[in-house]
>>> print(open('run08.txt').read())   # compact mmCIF, C-alpha atoms
# COMPACT_ATOMS: atom_id res chain seq x y z
CA MET I 133 15.85 3.12 -20.39
CA ASP I 134 17.64 2.22 -17.16
CA LEU I 135 18.14 -1.57 -17.09
CA VAL I 136 18.55 -1.49 -13.30
CA ALA I 137 15.13 0.17 -12.97
CA VAL I 138 13.51 -2.41 -15.25
CA LEU I 139 15.06 -5.24 -13.23
CA GLY I 140 14.00 -3.55 -9.98
CA GLY I 141 10.42 -3.28 -11.22
CA PHE I 142 10.57 -6.93 -12.29
CA ALA I 143 11.79 -8.05 -8.84
CA VAL I 144 9.13 -6.09 -6.97
CA GLY I 145 6.45 -7.31 -9.37
CA ALA I 146 7.52 -10.92 -8.86
CA ILE I 147 7.33 -10.63 -5.06
CA VAL I 148 3.93 -8.92 -5.27
CA GLY I 149 2.71 -11.70 -7.56
CA MET I 150 3.91 -14.36 -5.10
CA THR I 151 2.69 -12.78 -1.85
CA GLY I 152 -0.16 -10.46 -2.79
CA VAL I 153 1.44 -7.70 -0.70
CA GLY I 154 1.25 -4.27 -2.30
CA GLY I 155 4.32 -2.95 -4.06
CA GLY I 156 4.56 0.15 -1.85
CA SER I 157 6.24 -1.62 1.04
CA LEU I 158 8.83 -2.99 -1.38
CA MET I 159 9.20 -0.23 -3.96
CA THR I 160 9.82 2.74 -1.67
CA PRO I 161 12.81 1.14 0.13
CA LEU I 162 14.18 0.19 -3.31
CA LEU I 163 13.86 3.78 -4.54
CA LEU I 164 15.63 5.04 -1.42
CA SER I 165 18.47 2.52 -1.26
CA VAL I 166 19.22 1.71 -4.91
CA PHE I 167 18.16 4.85 -6.78
CA LYS I 168 19.05 7.26 -3.94
CA LEU I 169 15.88 9.35 -4.27
CA ASN I 170 15.02 11.64 -1.39
CA PRO I 171 12.06 10.35 0.71
CA ALA I 172 9.48 12.75 -0.75
CA VAL I 173 10.29 11.85 -4.39
CA ALA I 174 10.46 8.13 -3.55
CA ILE I 175 7.01 8.30 -1.94
CA GLY I 176 5.47 10.27 -4.81
CA THR I 177 6.94 7.95 -7.45
CA ASP I 178 5.77 4.87 -5.58
CA LEU I 179 2.22 6.23 -5.23
CA TRP I 180 1.94 6.40 -9.02
CA PHE I 181 3.51 2.93 -9.36
CA ALA I 182 0.90 1.54 -6.96
CA ALA I 183 -2.05 3.30 -8.62
CA ILE I 184 -1.10 2.06 -12.10
CA THR I 185 -0.16 -1.53 -11.18
CA LYS I 186 -3.28 -2.05 -9.04
CA SER I 187 -5.71 -0.64 -11.63
CA SER I 188 -5.84 -3.86 -13.66
CA GLY I 189 -6.36 -5.89 -10.49
CA SER I 190 -9.20 -3.61 -9.42
CA LEU I 191 -10.91 -3.98 -12.79
CA ALA I 192 -10.58 -7.77 -12.64
CA HIS I 193 -12.13 -7.91 -9.16
CA HIS I 194 -14.96 -5.63 -10.32
CA GLN I 195 -15.73 -7.92 -13.26
CA HIS I 196 -15.87 -10.94 -10.94
CA GLY I 197 -18.14 -9.16 -8.44
CA HIS I 198 -15.51 -9.20 -5.70
CA VAL I 199 -15.91 -5.57 -4.61
CA ASP I 200 -18.18 -4.40 -1.78
CA TYR I 201 -18.77 -0.84 -2.97
CA ARG I 202 -20.52 0.20 0.23
CA ILE I 203 -17.36 -0.50 2.25
CA THR I 204 -15.18 1.01 -0.48
CA GLY I 205 -17.27 4.19 -0.47
CA LEU I 206 -17.12 4.54 3.31
CA MET I 207 -13.35 4.04 3.28
CA LEU I 208 -12.91 6.63 0.52
CA ALA I 209 -15.12 9.09 2.42
CA GLY I 210 -12.37 9.16 5.03
CA SER I 211 -9.22 8.49 3.02
CA ILE I 212 -9.64 10.95 0.12
CA PRO I 213 -10.25 14.06 2.28
CA ALA I 214 -7.39 12.94 4.55
CA ALA I 215 -5.04 12.55 1.58
CA VAL I 216 -6.04 15.91 0.11
CA GLY I 217 -5.68 17.59 3.49
CA THR I 218 -2.26 16.06 4.15
CA VAL I 219 -0.88 17.10 0.76
CA ALA I 220 -2.48 20.55 1.07
CA LEU I 221 -0.74 21.01 4.42
CA MET I 222 2.56 20.13 2.74
CA HIS I 223 1.81 22.75 0.06
CA PHE I 224 1.02 25.50 2.52
CA THR I 225 3.89 24.84 4.91
CA GLY I 226 6.48 23.96 2.27
CA VAL I 227 8.51 20.75 2.21
CA THR I 228 10.94 21.64 4.97
CA LYS I 229 13.44 19.52 6.89
CA GLY I 230 10.67 18.92 9.42
CA TRP I 231 8.47 17.40 6.75
CA ALA I 232 11.39 15.30 5.48
CA SER I 233 11.83 13.87 8.99
CA ALA I 234 8.08 13.23 9.31
CA LEU I 235 7.99 11.47 5.93
CA THR I 236 10.99 9.31 6.83
CA LEU I 237 9.56 8.37 10.25
CA SER I 238 6.13 7.60 8.73
CA LEU I 239 7.79 5.40 6.12
CA GLY I 240 9.72 3.42 8.73
CA ILE I 241 6.64 2.91 10.92
CA ALA I 242 4.53 1.87 7.94
CA LEU I 243 7.13 -0.72 6.90
CA LEU I 244 7.20 -2.24 10.39
CA LEU I 245 3.38 -2.26 10.60
CA THR I 246 3.21 -4.01 7.24
CA ALA I 247 5.73 -6.62 8.44
CA VAL I 248 3.59 -7.35 11.52
CA THR I 249 0.44 -7.47 9.38
CA VAL I 250 1.97 -9.97 6.96
CA ALA I 251 3.61 -12.09 9.67
CA PHE I 252 0.39 -12.64 11.63
CA LYS I 253 -2.00 -12.69 8.67
CA LYS I 254 -3.72 -15.92 9.76
CA THR I 255 -4.16 -14.69 13.34
CA TRP I 256 -6.05 -11.49 12.52
CA HIS I 257 -9.27 -13.26 11.51
CA SER I 258 -9.77 -14.94 14.90
CA VAL I 259 -8.90 -11.67 16.66
CA ALA I 260 -11.40 -9.81 14.49
CA LEU I 261 -14.18 -12.28 15.32
CA ARG I 262 -13.58 -11.74 19.05
CA LEU I 263 -13.68 -7.97 18.61
CA GLN I 264 -17.14 -8.11 17.04
CA ARG I 265 -18.85 -8.04 20.44
CA TRP I 266 -17.52 -4.50 20.92
CA THR I 267 -18.34 -3.27 17.41
CA PRO I 268 -22.13 -3.24 16.89
CA GLU I 269 -23.42 -2.84 13.35
CA HIS I 270 -24.62 0.76 13.78
CA ARG I 271 -21.05 1.88 14.63
CA LYS I 272 -19.35 0.21 11.69
CA PRO I 273 -20.00 2.94 9.07
CA LEU I 274 -18.31 5.59 11.24
CA LEU I 275 -15.46 3.25 12.16
CA THR I 276 -14.97 2.44 8.46
CA VAL I 277 -14.72 6.15 7.60
CA LEU I 278 -12.22 6.62 10.44
CA ALA I 279 -10.17 3.64 9.19
CA GLY I 280 -10.09 5.30 5.78
CA LEU I 281 -8.99 8.58 7.34
CA VAL I 282 -6.05 6.88 9.06
CA LEU I 283 -5.07 5.17 5.81
CA GLY I 284 -5.35 8.43 3.88
CA VAL I 285 -2.83 10.15 6.15
CA LEU I 286 -0.50 7.14 6.33
CA VAL I 287 -0.48 6.53 2.57
CA SER I 288 0.07 10.22 1.78
CA LEU I 289 3.01 10.41 4.17
CA SER I 290 4.63 7.07 3.36
CA SER I 291 3.00 5.61 0.20
CA ILE I 292 2.52 2.42 2.27
CA GLY I 293 -0.60 1.03 3.93
CA ALA I 294 -3.25 0.87 1.22
CA GLY I 295 -2.58 -2.86 0.70
CA ALA I 296 -1.81 -5.10 3.67
CA ILE I 297 -2.74 -2.62 6.40
CA GLY I 298 -5.92 -1.58 4.60
CA ALA I 299 -7.00 -5.20 4.20
CA THR I 300 -6.40 -5.87 7.89
CA LEU I 301 -8.50 -2.86 8.95
CA ILE I 302 -11.35 -4.05 6.72
CA LEU I 303 -10.99 -7.55 8.19
CA PHE I 304 -11.26 -6.20 11.76
CA LEU I 305 -14.50 -4.41 10.91
CA TYR I 306 -16.01 -7.06 8.61
CA PRO I 307 -14.60 -10.50 9.55
CA GLN I 308 -17.53 -12.26 7.87
CA LEU I 309 -16.57 -10.79 4.50
CA ASP I 310 -15.54 -13.44 1.98
CA ALA I 311 -11.76 -13.53 1.38
CA LYS I 312 -12.10 -12.70 -2.33
CA ARG I 313 -14.38 -9.74 -1.59
CA LEU I 314 -11.99 -8.58 1.12
CA VAL I 315 -9.09 -8.46 -1.33
CA GLY I 316 -11.22 -6.94 -4.10
CA THR I 317 -12.62 -4.25 -1.81
CA ASP I 318 -9.15 -3.40 -0.50
CA ILE I 319 -7.72 -3.01 -4.02
CA ALA I 320 -10.74 -1.01 -5.21
CA HIS I 321 -10.12 1.42 -2.34
CA ALA I 322 -6.36 1.54 -2.87
CA VAL I 323 -6.46 2.68 -6.52
CA PRO I 324 -8.28 6.03 -6.09
CA LEU I 325 -6.48 6.72 -2.81
CA THR I 326 -2.98 6.21 -4.24
CA LEU I 327 -3.94 8.13 -7.39
CA VAL I 328 -5.22 11.17 -5.46
CA ALA I 329 -2.18 11.13 -3.15
CA GLY I 330 0.07 10.63 -6.21
CA ILE I 331 -1.45 13.63 -7.99
CA GLY I 332 -0.89 15.69 -4.85
CA HIS I 333 2.78 14.69 -4.68
CA ALA I 334 3.16 15.35 -8.42
CA THR I 335 2.02 18.96 -7.89
CA LEU I 336 4.88 19.25 -5.39
CA GLY I 337 7.36 17.86 -7.95
CA HIS I 338 7.76 14.59 -6.06
CA VAL I 339 7.63 12.16 -9.02
CA GLU I 340 10.54 10.84 -11.09
CA TRP I 341 8.56 10.11 -14.27
CA GLY I 342 11.31 8.49 -16.36
CA LEU I 343 12.23 6.11 -13.57
CA LEU I 344 8.54 5.31 -13.00
CA GLY I 345 8.15 4.27 -16.65
CA ALA I 346 11.13 1.91 -16.48
CA LEU I 347 9.87 0.36 -13.24
CA LEU I 348 6.44 -0.27 -14.77
CA VAL I 349 7.98 -1.96 -17.83
CA GLY I 350 9.70 -4.46 -15.53
CA SER I 351 6.80 -4.95 -13.13
CA ILE I 352 4.28 -6.26 -15.66
CA PRO I 353 6.14 -9.51 -16.54
CA GLY I 354 7.33 -9.72 -12.92
CA ILE I 355 3.80 -9.86 -11.52
CA TRP I 356 2.85 -12.55 -14.06
CA LEU I 357 5.90 -14.67 -13.18
CA GLY I 358 5.31 -14.25 -9.45
CA ALA I 359 1.73 -15.47 -9.82
CA GLN I 360 3.04 -18.61 -11.54
CA LEU I 361 5.70 -19.21 -8.88
CA THR I 362 3.11 -19.00 -6.10
CA ARG I 363 2.15 -22.59 -6.86
CA LYS I 364 5.72 -23.84 -6.37
CA MET I 365 7.14 -21.71 -3.54
CA PRO I 366 6.22 -22.54 0.09
CA GLU I 367 4.08 -19.63 1.34
CA ARG I 368 5.67 -19.67 4.81
CA LEU I 369 9.17 -19.32 3.33
CA VAL I 370 8.15 -16.45 1.04
CA ARG I 371 6.37 -14.58 3.82
CA THR I 372 9.25 -15.11 6.25
CA LEU I 373 11.74 -13.64 3.78
CA LEU I 374 9.37 -10.78 2.99
CA CYS I 375 8.79 -9.93 6.67
CA GLY I 376 12.54 -10.00 7.35
CA SER I 377 13.13 -7.61 4.47
CA LEU I 378 10.38 -5.24 5.64
CA VAL I 379 11.69 -5.15 9.22
CA ALA I 380 15.26 -4.53 8.03
CA ALA I 381 14.13 -1.76 5.68
CA GLY I 382 11.90 -0.17 8.34
CA LEU I 383 14.65 -0.11 10.97
CA LYS I 384 17.15 1.26 8.45
CA VAL I 385 14.79 4.08 7.41
CA ILE I 386 14.00 5.07 11.01
CA HIS I 387 17.69 5.17 11.96
>>> encode(input="run08.txt", output="structure tokens")
Amino acid sequence: MDLVAVLGGFAVGAIVGMTGVGGGSLMTPLLLSVFKLNPAVAIGTDLWFAAITKSSGSLAHHQHGHVDYRITGLMLAGSIPAAVGTVALMHFTGVTKGWASALTLSLGIALLLTAVTVAFKKTWHSVALRLQRWTPEHRKPLLTVLAGLVLGVLVSLSSIGAGAIGATLILFLYPQLDAKRLVGTDIAHAVPLTLVAGIGHATLGHVEWGLLGALLVGSIPGIWLGAQLTRKMPERLVRTLLCGSLVAAGLKVIH
């Protein structure tokens, strides 16, 4: 087993445990820069990493009653067909240089969006409350499905977005939702979405299974340690370092 991969999984797990930000925005740049995978394989491998690592979190939130299944269902009604359609289009057209460019650009944009989402996390709630006057209740189901559709395409193209971006979209539509239920609902939506997109990429041969196993071995103790360190590390410092890393990775990918 590759020790570097185990240590990489441990590092990503620790940061996820400290910040709560999904591993996709951290793992895919690692797979590109350290393990030199091509973008398609990095994205497919990361989708499986996300689906597996978030499954236990989703189960825990379900047991504590922190999942709003109505919102989760509406999101999945948009995201699953979008993910299937995106991967099917890749199947029918073939993974050409054009697709490689699209995947790389989507990855860079998703990293930058995640950085903005994390940086202004505390601001989004007040913005969402002000937006409520333009989003009456009868429009929210359709808007929720559309939000899922956007996430389905973004996650399938970049492996990023099901975590921080997904939570922000839910917050914009349902600002009165309790914070625990917001997180639980977001994770419950992310697991089937990343799994479906991951299966699609696997059928294209876009998963490095041996590397995935080593990363998972490292991530499990990493997430536990990160959760313990959360109590000792200043949140502003951790988020500042994380945002800087995301911006740097996003700009590097785009260029």
>>> closest_residue(input="run08.txt", among="I:Ser291, I:Thr255, I:Thr317, I:Ser157", to="Ala215 of chain I", atoms="only C-alpha atoms")
I:Ser291
>>> axis_aligned_box(input="run08.txt", around="segment 159-169 of chain I", padding_each_side="3 Å", output="AutoDock Vina command-line options")
--center_x 14.2 --center_y 4.6 --center_z -3.3 --size_x 16.0 --size_y 15.6 --size_z 12.9
>>> residues_around(input="run08.txt", residues="segment 323-334 of chain I", least_positions_apart="2", cutoff="6 Å", atoms="only C-alpha atoms", output="PyMOL selection string")
chain I and resi 176+179-180+183+215+219+288+320-321+336-339
>>> atom_distance(input="run08.txt", atom1="atom CA of His196 of chain I", atom2="atom CA of Glu269 of chain I")
26.7 Å
>>> atom_distance(input="run08.txt", atom1="atom CA of Lys312 of chain I", atom2="atom CA of Val216 of chain I")
29.3 Å
>>> closest_residue(input="run08.txt", among="I:Pro171, I:Gly140, I:Gly189, I:Gly197", to="Arg313 of chain I", atoms="all atoms listed in the file")
I:Gly197
>>> residues_near_point(input="run08.txt", point="(-16.8, 1.4, -3.7)", cutoff="12 Å", atoms="all atoms listed in the file", output="compact mmCIF listing (two decimals) with C-alpha atoms, in the coordinates of the input")
# COMPACT_ATOMS: atom_id res chain seq x y z
CA SER I 190 -9.20 -3.61 -9.42
CA HIS I 193 -12.13 -7.91 -9.16
CA HIS I 194 -14.96 -5.63 -10.32
CA GLY I 197 -18.14 -9.16 -8.44
CA HIS I 198 -15.51 -9.20 -5.70
CA VAL I 199 -15.91 -5.57 -4.61
CA ASP I 200 -18.18 -4.40 -1.78
CA TYR I 201 -18.77 -0.84 -2.97
CA ARG I 202 -20.52 0.20 0.23
CA ILE I 203 -17.36 -0.50 2.25
CA THR I 204 -15.18 1.01 -0.48
CA GLY I 205 -17.27 4.19 -0.47
CA LEU I 206 -17.12 4.54 3.31
CA MET I 207 -13.35 4.04 3.28
CA LEU I 208 -12.91 6.63 0.52
CA ALA I 209 -15.12 9.09 2.42
CA ARG I 313 -14.38 -9.74 -1.59
CA GLY I 316 -11.22 -6.94 -4.10
CA THR I 317 -12.62 -4.25 -1.81
CA ASP I 318 -9.15 -3.40 -0.50
CA ILE I 319 -7.72 -3.01 -4.02
CA ALA I 320 -10.74 -1.01 -5.21
CA HIS I 321 -10.12 1.42 -2.34
CA ALA I 322 -6.36 1.54 -2.87
CA VAL I 323 -6.46 2.68 -6.52
CA PRO I 324 -8.28 6.03 -6.09
CA LEU I 325 -6.48 6.72 -2.81
>>> residues_near_point(input="run08.txt", point="(-0.7, -3.3, 8.4)", cutoff="8 Å", atoms="only C-alpha atoms", output="MDAnalysis selection string")
chainID I and resid 242 245:250 293 295:301
>>> write_last_selection(input="run08.txt", atoms="C-alpha atoms", output="PDB file, in the coordinates of the input")
ATOM      1  CA  ALA I 242       4.530   1.870   7.940  1.00  0.00           C
ATOM      2  CA  LEU I 245       3.380  -2.260  10.600  1.00  0.00           C
ATOM      3  CA  THR I 246       3.210  -4.010   7.240  1.00  0.00           C
ATOM      4  CA  ALA I 247       5.730  -6.620   8.440  1.00  0.00           C
ATOM      5  CA  VAL I 248       3.590  -7.350  11.520  1.00  0.00           C
ATOM      6  CA  THR I 249       0.440  -7.470   9.380  1.00  0.00           C
ATOM      7  CA  VAL I 250       1.970  -9.970   6.960  1.00  0.00           C
ATOM      8  CA  GLY I 293      -0.600   1.030   3.930  1.00  0.00           C
ATOM      9  CA  GLY I 295      -2.580  -2.860   0.700  1.00  0.00           C
ATOM     10  CA  ALA I 296      -1.810  -5.100   3.670  1.00  0.00           C
ATOM     11  CA  ILE I 297      -2.740  -2.620   6.400  1.00  0.00           C
ATOM     12  CA  GLY I 298      -5.920  -1.580   4.600  1.00  0.00           C
ATOM     13  CA  ALA I 299      -7.000  -5.200   4.200  1.00  0.00           C
ATOM     14  CA  THR I 300      -6.400  -5.870   7.890  1.00  0.00           C
ATOM     15  CA  LEU I 301      -8.500  -2.860   8.950  1.00  0.00           C
TER      16      LEU I 301
END
>>> residues_around(input="run08.txt", residues="Asn170 of chain I", least_positions_apart="5", cutoff="10 Å", atoms="all atoms listed in the file", output="mmCIF file with C-alpha atoms, in the frame of the given file")
data_model
loop_
_atom_site.group_PDB
_atom_site.id
_atom_site.type_symbol
_atom_site.label_atom_id
_atom_site.label_comp_id
_atom_site.auth_asym_id
_atom_site.auth_seq_id
_atom_site.Cartn_x
_atom_site.Cartn_y
_atom_site.Cartn_z
ATOM 1 C CA LEU I 163 13.860 3.780 -4.540
ATOM 2 C CA LEU I 164 15.630 5.040 -1.420
ATOM 3 C CA SER I 165 18.470 2.520 -1.260
ATOM 4 C CA ILE I 175 7.010 8.300 -1.940
ATOM 5 C CA ALA I 232 11.390 15.300 5.480
ATOM 6 C CA THR I 236 10.990 9.310 6.830
ATOM 7 C CA HIS I 338 7.760 14.590 -6.060
#
>>> build_atoms(input="run08.txt", residues="segment 252-288 of chain I", atoms="N, CA and C atoms", output="CSV table (one decimal), keeping the file's coordinate frame")
chain,number,residue,atom,x,y,z
I,252,PHE,N,1.5,-12.0,10.8
I,252,PHE,CA,0.4,-12.6,11.6
I,252,PHE,C,-0.9,-12.7,10.9
I,253,LYS,N,-0.8,-12.8,9.5
I,253,LYS,CA,-2.0,-12.7,8.7
I,253,LYS,C,-3.1,-13.7,9.1
I,254,LYS,N,-2.7,-14.9,9.4
I,254,LYS,CA,-3.7,-15.9,9.8
I,254,LYS,C,-4.3,-15.7,11.1
I,255,THR,N,-3.7,-14.9,12.0
I,255,THR,CA,-4.2,-14.7,13.3
I,255,THR,C,-5.2,-13.6,13.4
I,256,TRP,N,-5.2,-12.6,12.4
I,256,TRP,CA,-6.0,-11.5,12.5
I,256,TRP,C,-7.5,-11.9,12.4
I,257,HIS,N,-7.9,-12.9,11.7
I,257,HIS,CA,-9.3,-13.3,11.5
I,257,HIS,C,-9.9,-13.7,12.8
I,258,SER,N,-9.2,-14.5,13.6
I,258,SER,CA,-9.8,-14.9,14.9
I,258,SER,C,-9.9,-13.8,15.9
I,259,VAL,N,-8.9,-12.9,15.8
I,259,VAL,CA,-8.9,-11.7,16.7
I,259,VAL,C,-10.1,-10.8,16.3
I,260,ALA,N,-10.3,-10.6,15.0
I,260,ALA,CA,-11.4,-9.8,14.5
I,260,ALA,C,-12.8,-10.4,14.9
I,261,LEU,N,-12.9,-11.7,14.9
I,261,LEU,CA,-14.2,-12.3,15.3
I,261,LEU,C,-14.5,-12.0,16.8
I,262,ARG,N,-13.4,-12.0,17.6
I,262,ARG,CA,-13.6,-11.7,19.0
I,262,ARG,C,-13.9,-10.3,19.3
I,263,LEU,N,-13.4,-9.4,18.4
I,263,LEU,CA,-13.7,-8.0,18.6
I,263,LEU,C,-15.1,-7.6,18.2
I,264,GLN,N,-15.8,-8.5,17.5
I,264,GLN,CA,-17.1,-8.1,17.0
I,264,GLN,C,-18.1,-7.8,18.2
I,265,ARG,N,-17.9,-8.3,19.3
I,265,ARG,CA,-18.8,-8.0,20.4
I,265,ARG,C,-18.8,-6.6,20.9
I,266,TRP,N,-17.7,-5.9,20.6
I,266,TRP,CA,-17.5,-4.5,20.9
I,266,TRP,C,-17.8,-3.6,19.7
I,267,THR,N,-18.1,-4.1,18.6
I,267,THR,CA,-18.3,-3.3,17.4
I,267,THR,C,-19.7,-3.6,16.8
I,268,PRO,N,-20.8,-3.0,17.4
I,268,PRO,CA,-22.1,-3.2,16.9
I,268,PRO,C,-22.3,-2.7,15.5
I,269,GLU,N,-23.2,-3.2,14.8
I,269,GLU,CA,-23.4,-2.8,13.4
I,269,GLU,C,-23.6,-1.3,13.1
I,270,HIS,N,-24.3,-0.7,14.0
I,270,HIS,CA,-24.6,0.8,13.8
I,270,HIS,C,-23.4,1.6,13.9
I,271,ARG,N,-22.3,1.1,14.5
I,271,ARG,CA,-21.0,1.9,14.6
I,271,ARG,C,-20.1,1.6,13.5
I,272,LYS,N,-20.3,0.6,12.7
I,272,LYS,CA,-19.4,0.2,11.7
I,272,LYS,C,-19.2,1.3,10.6
I,273,PRO,N,-20.2,1.9,10.1
I,273,PRO,CA,-20.0,2.9,9.1
I,273,PRO,C,-19.0,4.0,9.5
I,274,LEU,N,-19.2,4.6,10.7
I,274,LEU,CA,-18.3,5.6,11.2
I,274,LEU,C,-16.9,5.1,11.4
I,275,LEU,N,-16.8,3.8,12.0
I,275,LEU,CA,-15.5,3.2,12.2
I,275,LEU,C,-14.8,3.0,10.8
I,276,THR,N,-15.5,2.7,9.8
I,276,THR,CA,-15.0,2.4,8.5
I,276,THR,C,-14.4,3.7,7.9
I,277,VAL,N,-15.2,4.8,8.1
I,277,VAL,CA,-14.7,6.2,7.6
I,277,VAL,C,-13.4,6.5,8.3
I,278,LEU,N,-13.4,6.3,9.6
I,278,LEU,CA,-12.2,6.6,10.4
I,278,LEU,C,-11.0,5.8,10.0
I,279,ALA,N,-11.3,4.5,9.7
I,279,ALA,CA,-10.2,3.6,9.2
I,279,ALA,C,-9.6,4.2,7.9
I,280,GLY,N,-10.5,4.7,7.0
I,280,GLY,CA,-10.1,5.3,5.8
I,280,GLY,C,-9.3,6.6,6.0
I,281,LEU,N,-9.7,7.3,7.0
I,281,LEU,CA,-9.0,8.6,7.3
I,281,LEU,C,-7.6,8.3,7.8
I,282,VAL,N,-7.4,7.3,8.6
I,282,VAL,CA,-6.0,6.9,9.1
I,282,VAL,C,-5.2,6.4,7.9
I,283,LEU,N,-5.8,5.6,7.0
I,283,LEU,CA,-5.1,5.2,5.8
I,283,LEU,C,-4.7,6.3,4.9
I,284,GLY,N,-5.6,7.3,4.7
I,284,GLY,CA,-5.4,8.4,3.9
I,284,GLY,C,-4.1,9.2,4.3
I,285,VAL,N,-4.0,9.4,5.6
I,285,VAL,CA,-2.8,10.2,6.2
I,285,VAL,C,-1.6,9.3,6.0
I,286,LEU,N,-1.7,8.0,6.4
I,286,LEU,CA,-0.5,7.1,6.3
I,286,LEU,C,0.0,7.0,4.9
I,287,VAL,N,-0.9,6.7,4.0
I,287,VAL,CA,-0.5,6.5,2.6
I,287,VAL,C,0.1,7.8,2.0
I,288,SER,N,-0.5,9.0,2.3
I,288,SER,CA,0.1,10.2,1.8
I,288,SER,C,1.4,10.5,2.3
